[in-house]
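One structure is given here, and the rest of the page talks about it.
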Amino acid sequence: MDADNSIVVEGLVREFKTLRAVDGIDLRVEPGEIYGFLGPNGAGKSTTVLMLTTLLPPSAGTARVAGYDVVRDGPKVRAAIGAALQEAALDPLLTGRDHLRLQATLQGLPRGERQSRTVELLDRVGLSDAADRKVKGYSGGMKRRLDLALALVHRPRIIFLDEPTTGLDIQSRTALWGEVARLAREDGVTIFLTTQYLEEADVLADRVGIIDHGHIVAEGTPDALKDEIGRPSVHATPLSEADSDRVAAVLAEFGEPVAGATRDIAVRLRDGNAGLAEVVRALDAQSLTVADLELKQPTLDDVFLAKTGRSLEGDDDGENEETAPARGRRR
Amino acid sequence: MSSAVAEQVRAVAGRSVTRTLRQPASAIPPLIFPMMLLAVNSAGLKASTQLPGFPTDSFLAFALAVPFIQGALFSTMNAGTDLARDIQTGFLNRLSLTSLRGSALLTGQLAGIVTLGLMQAVFYTAVGLLVGVRFASGPAGVLVLFVFAALVSLGFGALGSFLALRTGSGESIQGIFPLLFVFLFISSMNAPRDLIAVRWFRIAATLNPVSYLIECVRSLIITGWDAQALALGFGVAIAIATVSLVLATRALRRRMVR
């Protein structure tokens, strides 16, 4: 049995009429790794997932999932993977238990195993008490957990999670993160996770690929990517707006300006953390008082900003434009 | 059909029936509306039985054929909107990621529709018997009637599935539904074709395949065993089912490119 749990993508392209949603990406996900695919709405994340899960044929390039070509070996790829796509695709009139039974039958689980697997998964995602309620009465978090359980029914070796926590409250999000981490750490499942949440990628992913306008603009471990940016930034909020220019002038001696919050004046420190003490002394020497002074370590958003010139946080383009052709008609 | 595929078909059919029965707004109209139309027409058009050459003295028996076809038209809408909803919500993608075969998906979906069509046929028959209609073809004719109802549900269900797969939109299916009803109203639903006085209407009813579906059911109720009516009815139903199934299968193959 081929136990290759990797994902290997070379020059993958997907075009929709005039739109090149994915523009020749290369990536490799190692067995048992959690790979965070990070990018703003409309960047090409979901289109990539649809191609890797065999739901959308690529326009060019190749992708091997679990050792199988996504175009030539579709049935073998599908047998090896589980997927929870962007919207929890559930039937509101069926119960959680109905969904799991249906999925177990369609995935070809032996008849004797279906019931026990259903009970096991309901328990695992904390839905045992709600198992016999119709899904239309589930909260967003419960739907997402059921979605994850459905992806696990046939014990896949690779799981694709397309923005699994979008719209969830912190508690539901944290619970899902715990389950995803457990799948990789304890069960050795390879996880391809798309997200627009920096924190999610930071907490969960072993490595992160950042995609923008269909191109991968950065790839590496979260720490390595942040180290590329290297230096922390200091953010000062003048006590009086009248002092803003003077504070900015002082800070400019210690590094290059970066974008901060509305009233913040921020620079990336030339000398790293050690520069903070000098900043404090310089402000004091000029008799400048600040309401707040904060040292911030680089984040993945800083990485995104450095690579694309835009901030990822608060971006709100239309992902729907990217995925609509795939949902409407898969050709 | 292998046992694995048979299990998949059963699972998809079971889901189709379950979701319809859990949705009174889908399950009840195909039962109630045809009965309401039957009651109104039977009361209003009772005098038609006095026309020379009218084939029965009970307009209720004459009109009882219509609910069977009207109910099957509801099958078109139910099958179509269910499948369109699966496309819109991504549920079809979920099914596509399993080992489910396209043929099993379509067969299962249609098996569910046929099951519901049969349940409707049993209901209409029971109502007919309760209000005093006697089936001229006897118990065997009732069985043939059920087979015919299943075949018509299959054909119209496949047509609805085809429309859903082509448009991917439940709203489009609901938009087409009234158009299908036009076929019902310009058929021989309220009068035998040879008694329709208006020439264009008589020609339209003669060209309209729905007329032959109604006349097949009607013959079993009021005539007995009419070989010509049965042959025409089954012929038209088989033709509709064959064309619709071919179109739906092709559309599904395109939709499930994977």
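Chain lettering (A, B, ...) mirrors the order of the structure tokens, residue numbering begins at 1 for each chain separately, and ligand numbering begins at 1 in order of display.
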
I'd like the neighbourhood of segment 69-81 of chain B as a short mmCIF file (atom, residue, chain, number, x, y, z; two decimals) with N, CA and C atoms, in the first residue's frame, where a residue qualifies if any of its atoms comes within 6 Å (using only C-alpha atoms), though same-chain residues fewer than 2 positions away should be ignored.
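Full text of result31.cif as output:
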data_model
loop_
_atom_site.label_atom_id
_atom_site.label_comp_id
_atom_site.auth_asym_id
_atom_site.auth_seq_id
_atom_site.Cartn_x
_atom_site.Cartn_y
_atom_site.Cartn_z
N PRO B 30 -48.05 18.06 -3.31
CA PRO B 30 -48.37 17.08 -4.36
C PRO B 30 -49.58 16.21 -4.00
N VAL B 66 -56.15 12.95 -13.75
CA VAL B 66 -55.31 14.17 -13.77
C VAL B 66 -54.35 14.25 -12.58
N PRO B 67 -54.79 13.96 -11.34
CA PRO B 67 -53.85 14.07 -10.21
C PRO B 67 -52.60 13.22 -10.39
N LEU B 83 -31.83 18.78 -6.08
CA LEU B 83 -30.51 18.65 -6.66
C LEU B 83 -29.84 20.02 -6.81
N ALA B 84 -30.64 21.01 -7.21
CA ALA B 84 -30.08 22.37 -7.36
C ALA B 84 -29.58 22.87 -6.01
N ARG B 85 -30.31 22.56 -4.95
CA ARG B 85 -29.88 22.99 -3.61
C ARG B 85 -28.56 22.30 -3.25
N SER B 153 -43.17 9.35 -12.95
CA SER B 153 -42.37 10.06 -11.94
C SER B 153 -40.89 9.99 -12.31
N PHE B 156 -40.33 12.49 -15.32
CA PHE B 156 -40.37 13.90 -14.92
C PHE B 156 -39.28 14.20 -13.88
N GLY B 157 -39.00 13.23 -13.02
CA GLY B 157 -37.91 13.42 -12.04
C GLY B 157 -36.58 13.60 -12.74
N GLY B 160 -36.41 17.03 -14.20
CA GLY B 160 -36.09 18.01 -13.17
C GLY B 160 -34.61 17.96 -12.81
N SER B 161 -34.06 16.74 -12.73
CA SER B 161 -32.64 16.60 -12.41
C SER B 161 -31.78 17.22 -13.51
N ALA B 164 -31.85 20.92 -13.20
CA ALA B 164 -31.04 21.35 -12.05
C ALA B 164 -29.56 21.29 -12.38
N GLY B 170 -32.20 26.43 -8.02
CA GLY B 170 -33.55 26.03 -7.63
C GLY B 170 -34.59 27.01 -8.12
#

### Message
Distance limit 8 Å, atoms considered: only C-alpha atoms. Which chain A residues sit that close to chain B? Return them as a PyMOL selection string.
### Response
chain A and resi 53-57+71+74-75+78-79+82-83+87-91+93-94+102-103+105-108+327-331

### Task
Using DSSP on the backbone, list every residue of segment 32-184 of chain A that comes out as strand (DSSP E or B), and give them as a PyMOL selection string.
chain A and resi 34-38+60-65+68-69+81-84+95+134+158-162

### Task
Identify, with DSSP run on backbone atoms, the residues in segment 8-256 of chain A assigned to alpha helix (DSSP H), and express the list as a PyMOL selection string.
chain A and resi 45-52+74-80+96-106+111-124+140-152+170-187+198-204+222-229+244-252

Could the residues in this selection be written to a file with C-alpha atoms, as a tab-separated table (two decimals), in the first residue's frame?
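And here is the file that came out, result_5.tsv:
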chain	number	residue	atom	x	y	z
A	45	LYS	CA	-6.62	29.60	-1.81
A	46	SER	CA	-9.97	27.92	-2.41
A	47	THR	CA	-9.30	27.39	-6.11
A	48	THR	CA	-6.08	25.60	-5.16
A	49	VAL	CA	-7.96	23.39	-2.70
A	50	LEU	CA	-10.61	22.54	-5.31
A	51	MET	CA	-7.88	21.44	-7.72
A	52	LEU	CA	-6.00	19.42	-5.09
A	74	GLY	CA	-8.94	11.04	-9.20
A	75	PRO	CA	-10.58	8.05	-7.45
A	76	LYS	CA	-7.32	7.12	-5.67
A	77	VAL	CA	-6.79	10.71	-4.56
A	78	ARG	CA	-10.35	10.93	-3.24
A	79	ALA	CA	-9.95	7.65	-1.33
A	80	ALA	CA	-6.89	9.05	0.44
A	96	GLY	CA	-25.78	14.85	12.45
A	97	ARG	CA	-26.12	11.08	12.77
A	98	ASP	CA	-27.88	10.86	9.35
A	99	HIS	CA	-24.96	12.71	7.77
A	100	LEU	CA	-22.34	10.44	9.27
A	101	ARG	CA	-24.25	7.27	8.35
A	102	LEU	CA	-24.70	8.48	4.77
A	103	GLN	CA	-21.04	9.43	4.51
A	104	ALA	CA	-19.93	6.09	5.98
A	105	THR	CA	-22.04	4.21	3.42
A	106	LEU	CA	-20.90	6.30	0.48
A	111	ARG	CA	-21.67	-2.28	7.34
A	112	GLY	CA	-20.65	-3.46	10.82
A	113	GLU	CA	-18.27	-0.55	11.28
A	114	ARG	CA	-20.59	2.29	10.27
A	115	GLN	CA	-22.47	2.55	13.53
A	116	SER	CA	-19.38	2.45	15.74
A	117	ARG	CA	-17.53	4.96	13.55
A	118	THR	CA	-20.54	7.29	13.66
A	119	VAL	CA	-20.71	7.13	17.45
A	120	GLU	CA	-16.94	7.54	17.77
A	121	LEU	CA	-16.83	10.64	15.56
A	122	LEU	CA	-19.88	12.25	17.16
A	123	ASP	CA	-18.16	11.86	20.49
A	124	ARG	CA	-14.84	13.10	19.17
A	140	GLY	CA	-21.97	27.66	13.11
A	141	GLY	CA	-19.44	25.96	15.35
A	142	MET	CA	-21.45	22.74	15.51
A	143	LYS	CA	-21.79	22.69	11.71
A	144	ARG	CA	-18.04	23.11	11.33
A	145	ARG	CA	-17.36	20.31	13.79
A	146	LEU	CA	-19.76	18.01	11.96
A	147	ASP	CA	-18.09	19.01	8.69
A	148	LEU	CA	-14.74	17.96	10.17
A	149	ALA	CA	-16.19	14.67	11.43
A	150	LEU	CA	-17.54	13.92	7.94
A	151	ALA	CA	-14.09	14.52	6.48
A	152	LEU	CA	-12.66	11.95	8.91
A	170	ILE	CA	-13.17	32.16	19.86
A	171	GLN	CA	-14.28	29.15	21.88
A	172	SER	CA	-15.35	27.14	18.83
A	173	ARG	CA	-12.23	28.20	16.98
A	174	THR	CA	-9.95	27.09	19.79
A	175	ALA	CA	-11.75	23.73	20.07
A	176	LEU	CA	-11.34	23.12	16.34
A	177	TRP	CA	-7.66	24.08	16.48
A	178	GLY	CA	-7.17	21.51	19.23
A	179	GLU	CA	-8.75	18.77	17.13
A	180	VAL	CA	-6.77	19.71	14.00
A	181	ALA	CA	-3.50	19.74	15.95
A	182	ARG	CA	-4.34	16.37	17.50
A	183	LEU	CA	-5.00	14.85	14.07
A	184	ALA	CA	-1.55	15.80	12.86
A	185	ARG	CA	0.41	15.14	16.06
A	186	GLU	CA	-1.26	11.89	17.16
A	187	ASP	CA	-2.64	10.38	13.98
A	198	LEU	CA	-2.82	35.09	10.90
A	199	GLU	CA	-3.17	33.76	14.40
A	200	GLU	CA	-4.56	30.48	13.11
A	201	ALA	CA	-1.61	29.95	10.80
A	202	ASP	CA	0.78	31.02	13.53
A	203	VAL	CA	-0.66	28.66	16.14
A	204	LEU	CA	-1.29	25.61	13.98
A	222	PRO	CA	6.11	31.05	10.77
A	223	ASP	CA	9.24	31.83	12.79
A	224	ALA	CA	11.51	31.76	9.77
A	225	LEU	CA	9.19	34.06	7.85
A	226	LYS	CA	9.03	36.49	10.74
A	227	ASP	CA	12.81	36.29	11.13
A	228	GLU	CA	13.09	37.34	7.50
A	229	ILE	CA	11.46	40.59	8.52
A	244	SER	CA	3.32	64.00	16.97
A	245	ASP	CA	5.90	65.51	14.63
A	246	ARG	CA	8.55	65.72	17.36
A	247	VAL	CA	7.92	62.12	18.46
A	248	ALA	CA	8.11	61.00	14.84
A	249	ALA	CA	11.40	62.82	14.40
A	250	VAL	CA	12.88	61.14	17.47
A	251	LEU	CA	11.72	57.71	16.42
A	252	ALA	CA	13.01	58.17	12.89

### Task
Tell me, in Å to one decimal, how far atom CA of Asn273 of chain A is from atom CA of Gln297 of chain A.
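These atoms are spaced 8.8 Å apart.
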
### Task
Skip segment 224-239 of chain B itself and residues of its chain fewer than 6 positions away, then list as a list of chain:residue names all residues within 10 Å of it, counting only C-alpha atoms.
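The residues satisfying every condition are B:Phe135, B:Ala136, B:Ser137, B:Gly138, B:Gly141, B:Val144, B:Val147, B:Phe148, B:Ala149, B:Ala150, B:Leu151, B:Val152, B:Ser153, B:Leu154, B:Gly155, B:Phe156, B:Pro209, B:Val210, B:Ser211, B:Tyr212, B:Leu213, B:Ile214, B:Glu215, B:Cys216, B:Val217, B:Arg218, B:Leu245.
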
### Query
Hey, what's within 9 Å of Ile191 of chain A if we count only C-alpha atoms and toss same-chain stuff fewer than 2 positions away? As a ChimeraX atom specification, please?
/A:29,31-36,157-161,180,183-184,189,193,205

Those residues you just picked out, can you put them in a file as a CSV table (one decimal), in the first residue's frame with C-alpha atoms?
chain,number,residue,atom,x,y,z
A,29,VAL,CA,3.7,19.5,1.9
A,31,PRO,CA,3.7,13.8,5.4
A,32,GLY,CA,2.2,14.6,8.8
A,33,GLU,CA,2.8,18.3,8.4
A,34,ILE,CA,0.2,21.1,9.0
A,35,TYR,CA,0.6,23.5,6.0
A,36,GLY,CA,-1.0,26.8,6.5
A,157,ARG,CA,-4.3,10.3,5.3
A,158,ILE,CA,-4.5,13.9,4.1
A,159,ILE,CA,-7.1,16.4,5.1
A,160,PHE,CA,-8.0,19.7,3.4
A,161,LEU,CA,-9.6,22.3,5.5
A,180,VAL,CA,-6.8,19.7,14.0
A,183,LEU,CA,-5.0,14.8,14.1
A,184,ALA,CA,-1.6,15.8,12.9
A,189,VAL,CA,-2.5,13.1,9.2
A,193,LEU,CA,-5.3,24.4,5.9
A,205,ALA,CA,1.0,25.5,11.0
